[in-house]
>>> print(open('upload_17.pdb').read())   # PDB, C-alpha atoms
ATOM      1  CA  MET A  12       0.000   0.000   0.000
ATOM      2  CA  ASN A  13       1.289   3.456  -0.896
ATOM      3  CA  LYS A  14       2.113   5.468   2.231
ATOM      4  CA  GLU A  15       2.458   8.747   0.313
ATOM      5  CA  LYS A  16       0.694  11.640   2.026
ATOM      6  CA  ILE A  17      -2.882  12.007   0.781
ATOM      7  CA  VAL A  18      -3.700  15.499  -0.505
ATOM      8  CA  LEU A  19      -7.388  16.206  -0.955
ATOM      9  CA  PHE A  20      -6.891  19.656  -2.473
ATOM     10  CA  GLU A  21      -4.096  22.106  -3.289
ATOM     11  CA  LYS A  22      -6.294  25.222  -3.270
ATOM     12  CA  LYS A  23      -9.501  25.832  -1.337
ATOM     13  CA  GLN A  24     -11.377  26.342  -4.614
ATOM     14  CA  GLU A  25     -10.833  22.622  -5.282
ATOM     15  CA  CYS A  26     -13.064  21.669  -2.326
ATOM     16  CA  CYS A  27     -16.818  22.207  -2.096
ATOM     17  CA  GLY A  28     -17.033  21.230   1.591
ATOM     18  CA  CYS A  29     -19.533  18.443   0.927
ATOM     19  CA  THR A  30     -18.027  16.193   3.680
ATOM     20  CA  ALA A  31     -18.145  13.078   1.455
ATOM     21  CA  CYS A  32     -14.463  12.388   2.160
ATOM     22  CA  ALA A  33     -15.014  12.475   5.915
ATOM     23  CA  ALA A  34     -18.126  10.299   5.653
ATOM     24  CA  VAL A  35     -16.427   7.563   3.606
ATOM     25  CA  CYS A  36     -13.185   7.300   5.606
ATOM     26  CA  PRO A  37     -13.090   3.855   7.267
ATOM     27  CA  ALA A  38     -10.539   5.056   9.844
ATOM     28  CA  GLN A  39     -12.301   8.336  10.638
ATOM     29  CA  ALA A  40      -9.028  10.068   9.727
ATOM     30  CA  VAL A  41     -10.747  12.940   7.893
ATOM     31  CA  THR A  42     -12.356  15.704   9.934
ATOM     32  CA  MET A  43     -13.986  18.871   8.704
ATOM     33  CA  GLN A  44     -12.415  21.930  10.289
ATOM     34  CA  PRO A  45     -13.290  25.603   9.805
ATOM     35  CA  ASP A  46     -10.884  28.006   8.144
ATOM     36  CA  GLU A  47     -10.456  31.652   9.157
ATOM     37  CA  GLU A  48     -13.752  32.538   7.420
ATOM     38  CA  GLY A  49     -15.717  29.676   8.967
ATOM     39  CA  PHE A  50     -15.922  27.425   5.890
ATOM     40  CA  LEU A  51     -15.341  23.740   6.567
ATOM     41  CA  TYR A  52     -12.475  21.918   4.859
ATOM     42  CA  PRO A  53     -11.203  18.365   5.309
ATOM     43  CA  VAL A  54      -8.089  17.736   7.367
ATOM     44  CA  ILE A  55      -6.436  14.306   7.348
ATOM     45  CA  ASN A  56      -4.957  12.870  10.518
ATOM     46  CA  GLU A  57      -1.908  11.100   9.064
ATOM     47  CA  GLU A  58      -1.578   8.861  12.129
ATOM     48  CA  LYS A  59      -5.061   7.408  11.548
ATOM     49  CA  CYS A  60      -4.949   7.405   7.729
ATOM     50  CA  LEU A  61      -4.932   3.940   6.130
ATOM     51  CA  HIS A  62      -3.927   5.359   2.717
ATOM     52  CA  CYS A  63      -6.866   3.562   1.128
ATOM     53  CA  ARG A  64      -7.669   6.640  -0.990
ATOM     54  CA  ALA A  65     -11.428   6.229  -0.428
ATOM     55  CA  CYS A  66     -11.578   9.977   0.248
ATOM     56  CA  ILE A  67     -10.049  10.694  -3.154
ATOM     57  CA  GLY A  68     -12.400   8.239  -4.875
ATOM     58  CA  VAL A  69     -15.574   9.767  -3.462
ATOM     59  CA  CYS A  70     -14.597  13.407  -4.095
ATOM     60  CA  PRO A  71     -16.811  15.018  -6.748
ATOM     61  CA  PHE A  72     -13.945  17.331  -7.740
ATOM     62  CA  LYS A  73     -11.370  14.574  -8.396
ATOM     63  CA  ASP A  74     -11.074  12.781 -11.731
TER      64      ASP A  74
END
>>> encode(input="upload_17.pdb", output="structure tokens")
Amino acid sequence: MNKEKIVLFEKKQECCGCTACAAVCPAQAVTMQPDEEGFLYPVINEEKCLHCRACIGVCPFKD
């Protein structure tokens, strides 16, 4: 299994805040946390992450 760090988005515009990534994570490694303006964005806890890439697969903005 690839242990490369999972990156859900490079820029905030690449995330719609739908929470699908957090909902699908089998390890509950993705949490939605507010930015300075109060919008929720996913944050991955690398210690919990299984590197299964389910979060990437469910994202409506990823190919």
>>> closest_residue(input="upload_17.pdb", among="A:Thr42, A:Ile17, A:Lys23, A:Tyr52", to="A:Arg64", atoms="all atoms listed in the file")
A:Ile17
>>> closest_residue(input="upload_17.pdb", among="A:Val35, A:Leu19, A:Cys27, A:Val69", to="A:Ile55", atoms="all atoms listed in the file")
A:Leu19
>>> resolve_selection(input="upload_17.pdb", expression="the PyMOL selection byres ((chain A and resi 25) around 12)", output="VMD selection string")
chain A and resid 18 to 24 26 to 29 52 to 53 70 to 74
>>> write_last_selection(input="upload_17.pdb", atoms="C-alpha atoms", output="short mmCIF file (atom, residue, chain, number, x, y, z; two decimals), keeping the file's coordinate frame")
data_model
loop_
_atom_site.label_atom_id
_atom_site.label_comp_id
_atom_site.auth_asym_id
_atom_site.auth_seq_id
_atom_site.Cartn_x
_atom_site.Cartn_y
_atom_site.Cartn_z
CA VAL A 18 -3.70 15.50 -0.50
CA LEU A 19 -7.39 16.21 -0.96
CA PHE A 20 -6.89 19.66 -2.47
CA GLU A 21 -4.10 22.11 -3.29
CA LYS A 22 -6.29 25.22 -3.27
CA LYS A 23 -9.50 25.83 -1.34
CA GLN A 24 -11.38 26.34 -4.61
CA CYS A 26 -13.06 21.67 -2.33
CA CYS A 27 -16.82 22.21 -2.10
CA GLY A 28 -17.03 21.23 1.59
CA CYS A 29 -19.53 18.44 0.93
CA TYR A 52 -12.48 21.92 4.86
CA PRO A 53 -11.20 18.36 5.31
CA CYS A 70 -14.60 13.41 -4.10
CA PRO A 71 -16.81 15.02 -6.75
CA PHE A 72 -13.94 17.33 -7.74
CA LYS A 73 -11.37 14.57 -8.40
CA ASP A 74 -11.07 12.78 -11.73
#
>>> axis_aligned_box(input="upload_17.pdb", around="stretch 15-30 of chain A", padding_each_side="8 Å", output="AutoDock Vina command-line options")
--center_x -8.5 --center_y 17.5 --center_z -0.8 --size_x 38.0 --size_y 33.6 --size_z 25.0
>>> residues_around(input="upload_17.pdb", residues="A:Ala38", least_positions_apart="3", cutoff="9 Å", atoms="all atoms listed in the file", output="NGL selection string")
:A and (35 or 41 or 59-61)
>>> closest_residue(input="upload_17.pdb", among="A:Glu57, A:Cys63, A:Phe50, A:Gly68", to="A:Pro37", atoms="all atoms listed in the file")
A:Cys63
>>> atom_distance(input="upload_17.pdb", atom1="atom CA of A:Ala34", atom2="atom CA of A:Gly49")
19.8 Å
>>> atom_distance(input="upload_17.pdb", atom1="atom CA of A:Cys66", atom2="atom CA of A:Glu48")
23.8 Å
>>> atom_distance(input="upload_17.pdb", atom1="atom CA of A:Gln44", atom2="atom CA of A:Cys32")
12.7 Å
